[in-house]
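Shown next, in structure tokens, is the structure this report addresses.
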Amino acid sequence: MKGSAALYSAFKILRRNHHSVGIIGAPFSKGQPRDGVQLGPELIRAAGLVERLKGQGCTVKDYGNLTFEEVANDQAVGRTKSPRAVGQANKQLADAVQRIKTEGHACVMLGGDHSLAIGSIYGHAACGTQPSVVWVDAHADINTPLTTPTGNIHGQPMSYLIHELHSKIPAMPNFSWLKPCVSAEDIVYIGLRDVDPEEHYILKYLGIKTFSMTEVDSLGIAKVMEQTCDHIFSKVKKPIHLSYDIDALDPSVAPATGTPVVGGLTYREGIYITEQLCQTGLLSAVDVVEVNPKRGGTDTEVRSTANAAADLVLGCFGRVREGSHSAGYKIPDP
């Protein structure tokens, strides 16, 4: 009887940690110049994402893909390229994410390029509480339209979202809907290893918490995540928005991406980040972006990247690498 009671208690704990996940695909590429990243959502789904989430006990609603209309005469504004298309797409995405959150799900946004984080994070914040943001990426993506060396908005999204940078962001066409929704103190970067000089200055100026790959190497990923959680929970506990660029992983793990940088996170480190954020109970929205099958040299490289992306999402919602020994085991009556 004692054994049955313990098993039932464990079962109740498992039920209490049940995840309801809403997936939205955003096949969008205009935040950067490389064709193929718009194929990311379907590639990640093809890795069995929905079935595998259900298999680990999640309720899943797949909202399909957004449809983005072509924008004519989308000339650059200053250095910044394709602002009208990016602004319009992110407004669509923000509305979709807000709907998914309002319907009670944790939101998973499958990109597409990382400019989409603008709409994803804004839509999340529009539900009420400003989120903490954990940004896992080889790049800081915090250039402003005035500091960007390339003009690509996928290298700028954080600057549009941060209260403290609001005065540095010029008016842009199709961005009038956007208001800052994240505080610098609520952001943590993990995996940085290719940061522009202007971005270094912005990060230091704002006092944003960062863990470069040098710090991941010296501290170890467990300590990095301990310090990450200490930082974002040092005041009021807020919902967490995880924005995960697949290029945070080393190219040996995830080569099919537009801007790979050697010396990245191992598969195990990458997954560990998601597991630890899952265990906080506050992970509320996830972006997985920059999977680009046209940048993979072989089918094996493309599959490796898609599988890694799917595994990151699974780690966010309760996948346990130790494995479960309860498969097929009937829970006894209490």
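Lettering and numbering for the structure tokens are positional, with chains as A, B, ... in the shown order, residues counted from 1 in each chain, and ligands counted from 1 in the shown order.
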Determine which residues of stretch 50-274 of chain A receive a DSSP assignment of strand (DSSP E or B), computed from the backbone, and state them as number ranges by chain.
A: 59-65, 77, 80, 106-111, 132-136, 162, 182, 187-192, 209-212, 240-245, 249, 257, 265
Could those selected residues go to a file with N, CA and C atoms, as a compact mmCIF listing (two decimals), in the first residue's frame?
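Output (result.txt):
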# COMPACT_ATOMS: atom_id res chain seq x y z
N THR A 59 0.16 18.43 -23.89
CA THR A 59 -0.94 18.74 -24.79
C THR A 59 -0.42 19.73 -25.81
N VAL A 60 -0.67 19.48 -27.09
CA VAL A 60 -0.09 20.32 -28.14
C VAL A 60 -1.18 20.80 -29.08
N LYS A 61 -1.17 22.10 -29.35
CA LYS A 61 -2.01 22.67 -30.41
C LYS A 61 -1.09 23.35 -31.41
N ASP A 62 -1.10 22.84 -32.63
CA ASP A 62 -0.27 23.43 -33.69
C ASP A 62 -1.13 24.41 -34.48
N TYR A 63 -0.80 25.67 -34.39
CA TYR A 63 -1.56 26.73 -35.06
C TYR A 63 -1.14 26.90 -36.52
N GLY A 64 -0.24 26.04 -37.00
CA GLY A 64 0.19 26.14 -38.39
C GLY A 64 1.18 27.27 -38.59
N ASN A 65 1.30 27.72 -39.83
CA ASN A 65 2.23 28.78 -40.18
C ASN A 65 1.50 30.07 -40.50
N VAL A 77 15.85 52.08 -44.80
CA VAL A 77 15.74 53.35 -44.07
C VAL A 77 17.06 53.55 -43.36
N THR A 80 19.19 50.38 -42.45
CA THR A 80 18.36 49.22 -42.12
C THR A 80 17.55 48.74 -43.31
N ALA A 106 1.83 27.58 -23.29
CA ALA A 106 3.19 28.05 -23.51
C ALA A 106 3.37 28.14 -25.03
N CYS A 107 3.96 29.23 -25.49
CA CYS A 107 4.06 29.44 -26.93
C CYS A 107 5.43 29.03 -27.45
N VAL A 108 5.44 28.27 -28.53
CA VAL A 108 6.68 27.93 -29.24
C VAL A 108 6.60 28.55 -30.63
N MET A 109 7.51 29.48 -30.90
CA MET A 109 7.59 30.10 -32.22
C MET A 109 8.76 29.47 -32.97
N LEU A 110 8.45 28.89 -34.12
CA LEU A 110 9.46 28.29 -34.97
C LEU A 110 9.77 29.24 -36.12
N GLY A 111 11.03 29.75 -36.16
CA GLY A 111 11.43 30.65 -37.24
C GLY A 111 12.07 29.87 -38.36
N SER A 132 11.10 38.09 -18.33
CA SER A 132 12.55 37.99 -18.37
C SER A 132 12.91 37.31 -19.68
N VAL A 133 14.03 37.70 -20.27
CA VAL A 133 14.45 37.13 -21.56
C VAL A 133 15.80 36.44 -21.39
N VAL A 134 15.85 35.17 -21.75
CA VAL A 134 17.11 34.44 -21.83
C VAL A 134 17.40 34.26 -23.32
N TRP A 135 18.47 34.90 -23.76
CA TRP A 135 18.80 34.96 -25.19
C TRP A 135 20.03 34.08 -25.43
N VAL A 136 19.84 32.95 -26.09
CA VAL A 136 20.92 31.98 -26.30
C VAL A 136 21.33 32.08 -27.77
N ILE A 162 14.04 46.98 -25.77
CA ILE A 162 14.55 47.35 -24.45
C ILE A 162 14.19 48.80 -24.12
N VAL A 182 10.84 45.24 -22.45
CA VAL A 182 11.80 44.46 -21.66
C VAL A 182 12.77 45.43 -20.99
N ILE A 187 17.40 40.66 -18.64
CA ILE A 187 17.93 39.95 -19.81
C ILE A 187 19.20 39.21 -19.42
N VAL A 188 19.34 37.98 -19.90
CA VAL A 188 20.58 37.22 -19.76
C VAL A 188 20.94 36.65 -21.13
N TYR A 189 22.19 36.85 -21.52
CA TYR A 189 22.72 36.26 -22.75
C TYR A 189 23.59 35.05 -22.41
N ILE A 190 23.47 33.99 -23.21
CA ILE A 190 24.31 32.80 -23.04
C ILE A 190 24.84 32.38 -24.41
N GLY A 191 26.15 32.13 -24.48
CA GLY A 191 26.74 31.57 -25.70
C GLY A 191 27.42 32.56 -26.61
N LEU A 192 27.54 33.82 -26.21
CA LEU A 192 28.10 34.85 -27.09
C LEU A 192 29.55 34.53 -27.48
N LYS A 209 23.45 41.22 -18.18
CA LYS A 209 24.15 40.00 -17.76
C LYS A 209 24.47 39.15 -18.98
N THR A 210 25.74 38.82 -19.16
CA THR A 210 26.13 38.02 -20.33
C THR A 210 27.06 36.88 -19.91
N PHE A 211 26.92 35.77 -20.60
CA PHE A 211 27.84 34.65 -20.46
C PHE A 211 28.37 34.32 -21.85
N SER A 212 29.59 34.76 -22.13
CA SER A 212 30.22 34.41 -23.39
C SER A 212 30.64 32.94 -23.34
N ILE A 240 9.34 33.61 -18.15
CA ILE A 240 10.59 33.57 -18.90
C ILE A 240 10.30 33.39 -20.39
N HIS A 241 10.95 34.20 -21.19
CA HIS A 241 10.92 34.04 -22.65
C HIS A 241 12.31 33.59 -23.08
N LEU A 242 12.40 32.40 -23.62
CA LEU A 242 13.66 31.86 -24.12
C LEU A 242 13.72 32.07 -25.63
N SER A 243 14.71 32.83 -26.08
CA SER A 243 14.89 33.05 -27.52
C SER A 243 16.19 32.37 -27.93
N TYR A 244 16.06 31.29 -28.68
CA TYR A 244 17.18 30.36 -28.92
C TYR A 244 17.52 30.36 -30.41
N ASP A 245 18.66 30.96 -30.73
CA ASP A 245 19.19 30.90 -32.09
C ASP A 245 19.98 29.61 -32.22
N LEU A 249 24.55 26.77 -30.83
CA LEU A 249 25.19 25.46 -30.81
C LEU A 249 26.40 25.48 -31.75
N THR A 257 22.75 26.62 -40.71
CA THR A 257 22.30 27.92 -40.23
C THR A 257 23.08 29.00 -40.95
N LEU A 265 28.20 26.08 -28.14
CA LEU A 265 27.70 25.14 -27.14
C LEU A 265 27.70 23.72 -27.70
Non-local contacts of stretch 163-167 of chain A (8 Å; only C-alpha atoms; under 2 positions in same chain excluded) as a PyMOL selection string:
chain A and resi 159-161+169-170+180-184+206
Put those residues in a file: C-alpha atoms, as a PDB file, in the first residue's frame.
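And here is the file that came out, result.pdb:
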ATOM      1  CA  SER A 159      17.460  46.981 -29.318  1.00  0.00           C
ATOM      2  CA  TYR A 160      13.834  47.518 -30.424  1.00  0.00           C
ATOM      3  CA  LEU A 161      12.498  45.832 -27.280  1.00  0.00           C
ATOM      4  CA  ILE A 169      15.621  53.786 -32.104  1.00  0.00           C
ATOM      5  CA  PRO A 170      14.472  56.063 -34.945  1.00  0.00           C
ATOM      6  CA  PRO A 180       9.622  48.655 -25.587  1.00  0.00           C
ATOM      7  CA  CYS A 181       8.629  45.814 -23.295  1.00  0.00           C
ATOM      8  CA  VAL A 182      11.798  44.457 -21.662  1.00  0.00           C
ATOM      9  CA  SER A 183      14.108  45.957 -19.040  1.00  0.00           C
ATOM     10  CA  ALA A 184      17.871  45.562 -19.367  1.00  0.00           C
ATOM     11  CA  LEU A 206      23.173  48.821 -19.996  1.00  0.00           C
TER      12      LEU A 206
END
Give me, as a PDB file with all heavy atoms, in the first residue's frame, all polymer residues having an atom no more than 10 Å from A:Pro41, counting only C-alpha atoms and skipping those fewer than 6 positions away in the same chain.
ATOM      1  N   ILE A  23       2.050  25.887 -30.806  1.00  0.00           N
ATOM      2  CA  ILE A  23       3.140  26.073 -31.764  1.00  0.00           C
ATOM      3  C   ILE A  23       2.674  26.982 -32.896  1.00  0.00           C
ATOM      4  O   ILE A  23       1.595  26.778 -33.467  1.00  0.00           O
ATOM      5  CB  ILE A  23       3.593  24.720 -32.344  1.00  0.00           C
ATOM      6  CG1 ILE A  23       4.153  23.827 -31.231  1.00  0.00           C
ATOM      7  CG2 ILE A  23       4.633  24.906 -33.447  1.00  0.00           C
ATOM      8  CD1 ILE A  23       4.451  22.404 -31.677  1.00  0.00           C
ATOM      9  N   ILE A  24       3.493  27.973 -33.222  1.00  0.00           N
ATOM     10  CA  ILE A  24       3.227  28.821 -34.385  1.00  0.00           C
ATOM     11  C   ILE A  24       4.478  28.884 -35.257  1.00  0.00           C
ATOM     12  O   ILE A  24       5.588  29.114 -34.764  1.00  0.00           O
ATOM     13  CB  ILE A  24       2.778  30.244 -33.959  1.00  0.00           C
ATOM     14  CG1 ILE A  24       2.391  31.090 -35.174  1.00  0.00           C
ATOM     15  CG2 ILE A  24       3.842  30.954 -33.136  1.00  0.00           C
ATOM     16  CD1 ILE A  24       1.102  30.673 -35.832  1.00  0.00           C
ATOM     17  N   GLY A  25       4.297  28.615 -36.536  1.00  0.00           N
ATOM     18  CA  GLY A  25       5.410  28.705 -37.476  1.00  0.00           C
ATOM     19  C   GLY A  25       5.456  30.080 -38.116  1.00  0.00           C
ATOM     20  O   GLY A  25       4.426  30.667 -38.459  1.00  0.00           O
ATOM     21  N   ALA A  26       6.668  30.616 -38.267  1.00  0.00           N
ATOM     22  CA  ALA A  26       6.850  31.935 -38.880  1.00  0.00           C
ATOM     23  C   ALA A  26       7.899  31.812 -39.988  1.00  0.00           C
ATOM     24  O   ALA A  26       9.079  32.080 -39.774  1.00  0.00           O
ATOM     25  CB  ALA A  26       7.270  32.957 -37.834  1.00  0.00           C
ATOM     26  N   PRO A  27       7.473  31.381 -41.180  1.00  0.00           N
ATOM     27  CA  PRO A  27       8.414  31.163 -42.289  1.00  0.00           C
ATOM     28  C   PRO A  27       8.822  32.479 -42.944  1.00  0.00           C
ATOM     29  O   PRO A  27       8.375  32.821 -44.041  1.00  0.00           O
ATOM     30  CB  PRO A  27       7.616  30.265 -43.233  1.00  0.00           C
ATOM     31  CG  PRO A  27       6.189  30.618 -42.981  1.00  0.00           C
ATOM     32  CD  PRO A  27       6.093  30.991 -41.533  1.00  0.00           C
ATOM     33  N   PHE A  28       9.707  33.197 -42.275  1.00  0.00           N
ATOM     34  CA  PHE A  28      10.065  34.549 -42.671  1.00  0.00           C
ATOM     35  C   PHE A  28      11.576  34.689 -42.763  1.00  0.00           C
ATOM     36  O   PHE A  28      12.299  34.187 -41.883  1.00  0.00           O
ATOM     37  CB  PHE A  28       9.503  35.551 -41.655  1.00  0.00           C
ATOM     38  CG  PHE A  28       9.757  36.986 -41.998  1.00  0.00           C
ATOM     39  CD1 PHE A  28       8.989  37.636 -42.947  1.00  0.00           C
ATOM     40  CD2 PHE A  28      10.762  37.695 -41.353  1.00  0.00           C
ATOM     41  CE1 PHE A  28       9.216  38.967 -43.268  1.00  0.00           C
ATOM     42  CE2 PHE A  28      11.002  39.026 -41.670  1.00  0.00           C
ATOM     43  CZ  PHE A  28      10.230  39.663 -42.624  1.00  0.00           C
ATOM     44  N   GLY A  64      -0.245  26.042 -36.999  1.00  0.00           N
ATOM     45  CA  GLY A  64       0.190  26.140 -38.391  1.00  0.00           C
ATOM     46  C   GLY A  64       1.181  27.270 -38.593  1.00  0.00           C
ATOM     47  O   GLY A  64       1.822  27.743 -37.658  1.00  0.00           O
ATOM     48  N   ASN A  65       1.301  27.722 -39.829  1.00  0.00           N
ATOM     49  CA  ASN A  65       2.234  28.779 -40.179  1.00  0.00           C
ATOM     50  C   ASN A  65       1.505  30.073 -40.501  1.00  0.00           C
ATOM     51  O   ASN A  65       0.438  30.059 -41.128  1.00  0.00           O
ATOM     52  CB  ASN A  65       3.069  28.393 -41.407  1.00  0.00           C
ATOM     53  CG  ASN A  65       4.083  27.309 -41.106  1.00  0.00           C
ATOM     54  OD1 ASN A  65       4.396  27.035 -39.954  1.00  0.00           O
ATOM     55  ND2 ASN A  65       4.596  26.696 -42.157  1.00  0.00           N
ATOM     56  N   MET A 109       7.512  29.480 -30.901  1.00  0.00           N
ATOM     57  CA  MET A 109       7.593  30.096 -32.216  1.00  0.00           C
ATOM     58  C   MET A 109       8.755  29.472 -32.975  1.00  0.00           C
ATOM     59  O   MET A 109       9.904  29.527 -32.538  1.00  0.00           O
ATOM     60  CB  MET A 109       7.787  31.609 -32.086  1.00  0.00           C
ATOM     61  CG  MET A 109       7.747  32.361 -33.414  1.00  0.00           C
ATOM     62  SD  MET A 109       9.341  32.400 -34.310  1.00  0.00           S
ATOM     63  CE  MET A 109      10.232  33.629 -33.358  1.00  0.00           C
ATOM     64  N   LEU A 110       8.446  28.890 -34.117  1.00  0.00           N
ATOM     65  CA  LEU A 110       9.460  28.287 -34.974  1.00  0.00           C
ATOM     66  C   LEU A 110       9.767  29.237 -36.122  1.00  0.00           C
ATOM     67  O   LEU A 110       8.893  29.554 -36.939  1.00  0.00           O
ATOM     68  CB  LEU A 110       8.956  26.950 -35.539  1.00  0.00           C
ATOM     69  CG  LEU A 110       8.478  25.897 -34.522  1.00  0.00           C
ATOM     70  CD1 LEU A 110       7.950  24.665 -35.265  1.00  0.00           C
ATOM     71  CD2 LEU A 110       9.599  25.498 -33.572  1.00  0.00           C
ATOM     72  N   GLY A 111      11.032  29.753 -36.159  1.00  0.00           N
ATOM     73  CA  GLY A 111      11.427  30.651 -37.244  1.00  0.00           C
ATOM     74  C   GLY A 111      12.069  29.868 -38.363  1.00  0.00           C
ATOM     75  O   GLY A 111      12.297  28.670 -38.246  1.00  0.00           O
ATOM     76  N   GLY A 112      12.321  30.589 -39.431  1.00  0.00           N
ATOM     77  CA  GLY A 112      12.405  31.996 -39.595  1.00  0.00           C
ATOM     78  C   GLY A 112      13.671  32.587 -38.949  1.00  0.00           C
ATOM     79  O   GLY A 112      14.414  31.944 -38.233  1.00  0.00           O
ATOM     80  N   VAL A 288      12.648  29.281 -31.468  1.00  0.00           N
ATOM     81  CA  VAL A 288      13.771  28.537 -32.047  1.00  0.00           C
ATOM     82  C   VAL A 288      13.901  29.014 -33.486  1.00  0.00           C
ATOM     83  O   VAL A 288      12.993  28.830 -34.302  1.00  0.00           O
ATOM     84  CB  VAL A 288      13.563  27.017 -31.989  1.00  0.00           C
ATOM     85  CG1 VAL A 288      14.754  26.298 -32.619  1.00  0.00           C
ATOM     86  CG2 VAL A 288      13.380  26.552 -30.547  1.00  0.00           C
ATOM     87  N   VAL A 289      15.032  29.650 -33.785  1.00  0.00           N
ATOM     88  CA  VAL A 289      15.156  30.365 -35.054  1.00  0.00           C
ATOM     89  C   VAL A 289      16.474  30.054 -35.761  1.00  0.00           C
ATOM     90  O   VAL A 289      17.388  29.466 -35.179  1.00  0.00           O
ATOM     91  CB  VAL A 289      15.066  31.892 -34.828  1.00  0.00           C
ATOM     92  CG1 VAL A 289      13.719  32.281 -34.240  1.00  0.00           C
ATOM     93  CG2 VAL A 289      16.207  32.383 -33.935  1.00  0.00           C
ATOM     94  N   GLU A 290      16.527  30.489 -37.024  1.00  0.00           N
ATOM     95  CA  GLU A 290      17.723  30.468 -37.870  1.00  0.00           C
ATOM     96  C   GLU A 290      18.149  29.069 -38.332  1.00  0.00           C
ATOM     97  O   GLU A 290      19.292  28.856 -38.719  1.00  0.00           O
ATOM     98  CB  GLU A 290      18.901  31.191 -37.196  1.00  0.00           C
ATOM     99  CG  GLU A 290      18.636  32.663 -36.893  1.00  0.00           C
ATOM    100  CD  GLU A 290      18.686  33.593 -38.114  1.00  0.00           C
ATOM    101  OE1 GLU A 290      19.016  33.110 -39.210  1.00  0.00           O
ATOM    102  OE2 GLU A 290      18.407  34.803 -37.945  1.00  0.00           O
ATOM    103  N   VAL A 291      17.222  28.105 -38.323  1.00  0.00           N
ATOM    104  CA  VAL A 291      17.471  26.824 -38.981  1.00  0.00           C
ATOM    105  C   VAL A 291      17.279  27.032 -40.482  1.00  0.00           C
ATOM    106  O   VAL A 291      16.214  27.466 -40.930  1.00  0.00           O
ATOM    107  CB  VAL A 291      16.509  25.737 -38.459  1.00  0.00           C
ATOM    108  CG1 VAL A 291      16.644  24.456 -39.281  1.00  0.00           C
ATOM    109  CG2 VAL A 291      16.756  25.453 -36.980  1.00  0.00           C
ATOM    110  N   ASN A 292      18.317  26.752 -41.259  1.00  0.00           N
ATOM    111  CA  ASN A 292      18.272  27.019 -42.695  1.00  0.00           C
ATOM    112  C   ASN A 292      18.806  25.810 -43.470  1.00  0.00           C
ATOM    113  O   ASN A 292      20.014  25.615 -43.584  1.00  0.00           O
ATOM    114  CB  ASN A 292      19.090  28.262 -43.036  1.00  0.00           C
ATOM    115  CG  ASN A 292      18.942  28.680 -44.489  1.00  0.00           C
ATOM    116  OD1 ASN A 292      18.585  27.875 -45.349  1.00  0.00           O
ATOM    117  ND2 ASN A 292      19.226  29.951 -44.780  1.00  0.00           N
ATOM    118  N   ALA A 306      18.002  20.070 -37.675  1.00  0.00           N
ATOM    119  CA  ALA A 306      16.567  20.007 -37.368  1.00  0.00           C
ATOM    120  C   ALA A 306      16.307  19.188 -36.114  1.00  0.00           C
ATOM    121  O   ALA A 306      15.474  19.565 -35.269  1.00  0.00           O
ATOM    122  CB  ALA A 306      15.815  19.400 -38.554  1.00  0.00           C
TER     123      ALA A 306
END
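The shortest atom-to-atom distance to A:Thr144, with only C-alpha atoms taken into account, belongs to A:Ile202 out of A:Leu43, A:Ile202, A:Leu49, A:Val86.
By only C-alpha atoms, and with residues fewer than 3 positions from stretch 91-100 of chain A along its chain excluded, the set lying at most 7 Å from it is A:Gly22, A:Gly87, A:Gln88, A:Glu103, A:Gly104, A:His105, A:Cys107, A:Gly119, A:Ser120, A:Tyr122, A:Gly123, A:His124, A:Ala126, A:Cys127.
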Would you return as a PyMOL selection string the members of stretch 30-235 of chain A that DSSP assigns to alpha helix (DSSP H) on this structure's backbone?
chain A and resi 40-46+49-55+83-102+117-125+157-161+197-206+213-219+221-232
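The spacing separating atom CA of A:Thr305 from atom CA of A:Ile142 amounts to 24.7 Å.
The space between atom CA of A:Glu42 and atom CA of A:Arg295 spans 15.5 Å.
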Quick one: everything within 9 Å of A:Gln56, counting only C-alpha atoms, minus sequence neighbours fewer than 6 positions away in the same chain. Send it as a PyMOL selection string.
chain A and resi 314+317-319
Output of the above residues as a PDB file, in the first residue's frame, restricted to N, CA and C atoms:
ATOM      1  N   LEU A 314      11.873  20.078 -26.926  1.00  0.00           N
ATOM      2  CA  LEU A 314      11.488  18.990 -26.019  1.00  0.00           C
ATOM      3  C   LEU A 314      12.066  19.207 -24.630  1.00  0.00           C
ATOM      4  N   PHE A 317      10.103  21.392 -22.248  1.00  0.00           N
ATOM      5  CA  PHE A 317       8.798  20.942 -21.767  1.00  0.00           C
ATOM      6  C   PHE A 317       8.838  19.530 -21.191  1.00  0.00           C
ATOM      7  N   GLY A 318       9.901  19.265 -20.441  1.00  0.00           N
ATOM      8  CA  GLY A 318       9.883  18.100 -19.575  1.00  0.00           C
ATOM      9  C   GLY A 318      10.607  16.870 -20.044  1.00  0.00           C
ATOM     10  N   ARG A 319      11.260  16.928 -21.210  1.00  0.00           N
ATOM     11  CA  ARG A 319      12.034  15.763 -21.629  1.00  0.00           C
ATOM     12  C   ARG A 319      13.159  15.518 -20.634  1.00  0.00           C
TER      13      ARG A 319
END
What separates atom CA of A:Asn152 and atom CA of A:Gly31 is a distance of 5.6 Å
Show which residues sit within 10 Å of A:Leu312, as a ChimeraX atom specification. Count only C-alpha atoms, and ignore same-chain residues fewer than 2 positions away.
/A:244,246,267,270-275,286,288,306-310,314-317,319
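Remark: for A:Ile44, the closest of the candidate residues A:Val302, A:Arg321, A:Thr129, A:Val195 is A:Val302 (distances computed over only C-alpha atoms).
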Applying 12 Å and only C-alpha atoms, which residues near A:Lys30 remain after dropping the ones on its own chain fewer than 3 positions away? List them as number ranges by chain.
A: 26-27, 33-38, 68-71, 74, 76, 80-90, 111-116, 151-155, 290
Could you check the closest approach to A:Gly220 for each of A:Pro197, A:Arg268, A:Val253, A:Ala140 and tell me which residue wins, using only C-alpha atoms?
A:Arg268
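For the set A:Pro131, A:Thr148, A:His200, A:Asp250, the residue with the smallest atom-to-atom gap to A:Phe233 is A:Pro131, counting only C-alpha atoms.
Proximity to A:Thr298 was assessed for A:Ala256, A:Cys278, A:Val262, A:Ala285 counting only C-alpha atoms; the smallest distance is recorded for A:Ala256.
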